[in-house]
Structures are given as structure tokens and as C-alpha cells.
2 protein chains.
Amino acid sequence: MKIKTGNFRIRSKIWIEDKNGKVLFGPGRLKILEAVVRLGSIHAAAKELKMSYRAVWGKIKNTEDRLGKPLLIRQIGGTSGGGSELTPLCKNLLEKFSSLQAHVENEVDNLFEQSFIN
Amino acid sequence: MKIKTGNFRIRSKIWIEDKNGKVLFGPGRLKILEAVVRLGSIHAAAKELKMSYRAVWGKIKNTEDRLGKPLLIRQIGGTSGGGSELTPLCKNLLEKFSSLQAHVENEVDNLFEQSFIN
């Protein structure tokens with residue numbers, strides 16, 4: 001079948017699940033943690049993403065529980081007024097997930113062109 | 001980072017969008033049309049998928065409108081009491097989409113193992 005590339009495009013989404021089919025990590029958590037890195041705290045990330053602190057914290061906590069390891073190092077109080085930093089494991093997870101995501105998007109684009117355009 | 005394959009798995013989803021970001025085709029429509037092929041009518045497919053006839057018909061109609069081509073040949077009345085058959089274009093779309101989906105799932109599994117397990 002012929003589909004013009006200009007008219008349609010393929011989209012893809014990847015996420016990681018645990019044994020029980022619960023989300024360990026996905027694009028939503030990637031966005032949250034990238035905002036935490038950039039803004040320095042869960043509070044600021046939640047504000048930017050227009051989510052409640054509780055919702056953002058809950059998602060991070062879920063992933064930590066399912067992974068059995070911390071994602072954030074929480075700094076309470078101090079002159080900076082507290083904030084959060086990513087653990088090395090979390091940085092690694094972010095890097096690998098976003099690179100996997102980019103790789104998959106590329107692959108999917110290529111496969112779509114190969115199978116649908118010809 | 002080390003993730004045990006037995007503990008976590010990667011999931012993926014692909015879908016096709018039109019220029020306006022509206023869904024042209026995806027796993028839901030694949031499931032609907034596969035049920036129409038198997039059961040011979042939109043009515044029977046809707047019943048099996050626990051969806052309303054209107055919802056199922058609406059999704060098929062949406063894709064037909066966005067594609068500018070029919071997906072179903074509707075047979076009204078007759079001894080069989082009416083039913084629907086897939087157009088050759090629709091059969092082709094189903095085949096290509098499900099094969100692309102399987103291919104992507106495989107690729108994603110491999111990429112996940114390569115990047116996360118080591």
C-alpha cells in the first residue's frame with residue numbers, strides 16, 4: 001500500500017514494566033526526572049509539569065520501590081532551601097532510556113518507510 | 001546499570017498519525033479489524049470487544065476518512081443477514097502494520113538487552 005510520508009507518520013512509545021506488569025520507567029518519568037535535574041527539586045519540577053508534588057513524588061517513589069534502589073538524593077533544608085539530586089544509577093537509567101528511545105524512534109521511522117512507502 | 005531480564009521487560013507501542021496528529025491506525029484498530037475478519041461483522045466484533053457498535057464503527061470511519069479510502073465492503077441484508085468484508089487495501093494495512101509491530105517488538109527486546117543488561 002502506498003502512504004505518502006508527508007501525509008502520515010509513525011509514532012512509537014517504549015516503557016519498562018516489572019514482573020507484575022506495573023510501570024518501572026517510561027516517558028512520563030523520564031520527563032519528571034529531566035525536570036528535577038534541570039530545576040534542582042521535585043517541587044520546581046512538579047510546578048513546571050503542572051502536576052502535584054504528591055503525584056510527582058509518588059511516581060519517583062514507585063520506581064524506587066520497584067527497582068529496590070534510590071533515584072534521588074534528597075537534600076533537606078540548608079542555605080539552598082533543600083532540593084534533590086539524581087543518584088548515579090538514576091543518571092545512568094535516564095541516559096540509557098532516552099538513548100534507547102531515540103534509537104527505537106529512528107528504527108521505527110526506517111521500518112515504516114521500508115514497509116509502507118514501497 | 002544492571003537490570004535482570006527476569007525482573008523487568010521492555011514494552012512498546014506503535015501507531016500511525018495523520019498530519020494533524022490524529023490517529024490513522026494503531027493497535028486498537030488492528031484488534032477491531034482482526035475481529036471483523038474473524039467474526040464477519042462489525043456487530044459481532046463490537047460484542048466480542050465489549051464496545052458499542054457506534055464506537056467501533058466510528059473508529060473504522062475515522063480511519064477511512066483520514067485515508068480517503070474504504071476499509072470495509074458492507075453487505076447489507078441477504079440470507080447471511082448482512083456483514084462486512086475487508087477491502088484489499090485494508091488487508092494490506094493489517095498485514096503490514098502487524099508485521100511492523102512484531103518487528104519493532106523484536107528490535108526493542110534486542111536493544112533493551114544490549115543496553116540495559118550489560
# chains A, B, ... in the order shown; residues from 1 in each chain; ligands from 1

$ select_by_dssp --residues "chain B" --states "alpha helix (DSSP H)" --output "ChimeraX atom specification"
/B:27-39,42-48,53-67,88-112

$ residues_around --residues "range 59-63 of chain B" --least-positions-apart "3" --cutoff "9 Å" --atoms "only C-alpha atoms" --output "number ranges by chain"
B: 23-25, 29, 32-33, 54-56, 66-72

$ interface_residues --of "chain A" --to "chain B" --cutoff "7 Å" --atoms "only C-alpha atoms" --output "JSON, numbers by chain"
{"A": [1, 7, 8, 9, 10, 11, 12, 13, 14, 15, 16, 17, 18, 19, 89, 92, 93, 96, 104, 108, 115]}

$ closest_residue --among "B:Ala45, B:Glu34, B:Lys50, B:Gly28" --to "Leu94 in chain B" --atoms "only C-alpha atoms"
B:Glu34

$ select_by_dssp --residues "range 17-63 of chain A" --states "strand (DSSP E)" --output "list in words"
Glu17, Asp18, Val23, Leu24 and Phe25 of chain A

$ residues_around --residues "Lys47 in chain B" --least-positions-apart "5" --cutoff "10 Å" --atoms "only C-alpha atoms" --output "PyMOL selection string"
chain B and resi 35+42+52-53+56

$ write_last_selection --atoms "N, CA, C and O atoms" --output "PDB file, in the first residue's frame"
ATOM      1  N   ALA B  35     -10.942  -8.684  14.470  1.00  0.00           N
ATOM      2  CA  ALA B  35     -12.192  -9.297  14.953  1.00  0.00           C
ATOM      3  C   ALA B  35     -13.263  -9.294  13.857  1.00  0.00           C
ATOM      4  O   ALA B  35     -14.026 -10.259  13.720  1.00  0.00           O
ATOM      5  N   ILE B  42     -19.210  -6.066  11.919  1.00  0.00           N
ATOM      6  CA  ILE B  42     -18.863  -5.062  12.920  1.00  0.00           C
ATOM      7  C   ILE B  42     -19.635  -5.362  14.218  1.00  0.00           C
ATOM      8  O   ILE B  42     -19.087  -5.255  15.317  1.00  0.00           O
ATOM      9  N   SER B  52     -19.342  -0.489  22.037  1.00  0.00           N
ATOM     10  CA  SER B  52     -20.600  -0.237  21.349  1.00  0.00           C
ATOM     11  C   SER B  52     -20.361  -0.306  19.840  1.00  0.00           C
ATOM     12  O   SER B  52     -19.254  -0.044  19.366  1.00  0.00           O
ATOM     13  N   TYR B  53     -21.421  -0.665  19.106  1.00  0.00           N
ATOM     14  CA  TYR B  53     -21.345  -0.696  17.641  1.00  0.00           C
ATOM     15  C   TYR B  53     -20.893   0.670  17.136  1.00  0.00           C
ATOM     16  O   TYR B  53     -20.040   0.780  16.268  1.00  0.00           O
ATOM     17  N   VAL B  56     -17.101   1.285  17.599  1.00  0.00           N
ATOM     18  CA  VAL B  56     -16.306   0.502  16.646  1.00  0.00           C
ATOM     19  C   VAL B  56     -16.447   1.098  15.245  1.00  0.00           C
ATOM     20  O   VAL B  56     -15.447   1.342  14.554  1.00  0.00           O
TER      21      VAL B  56
END
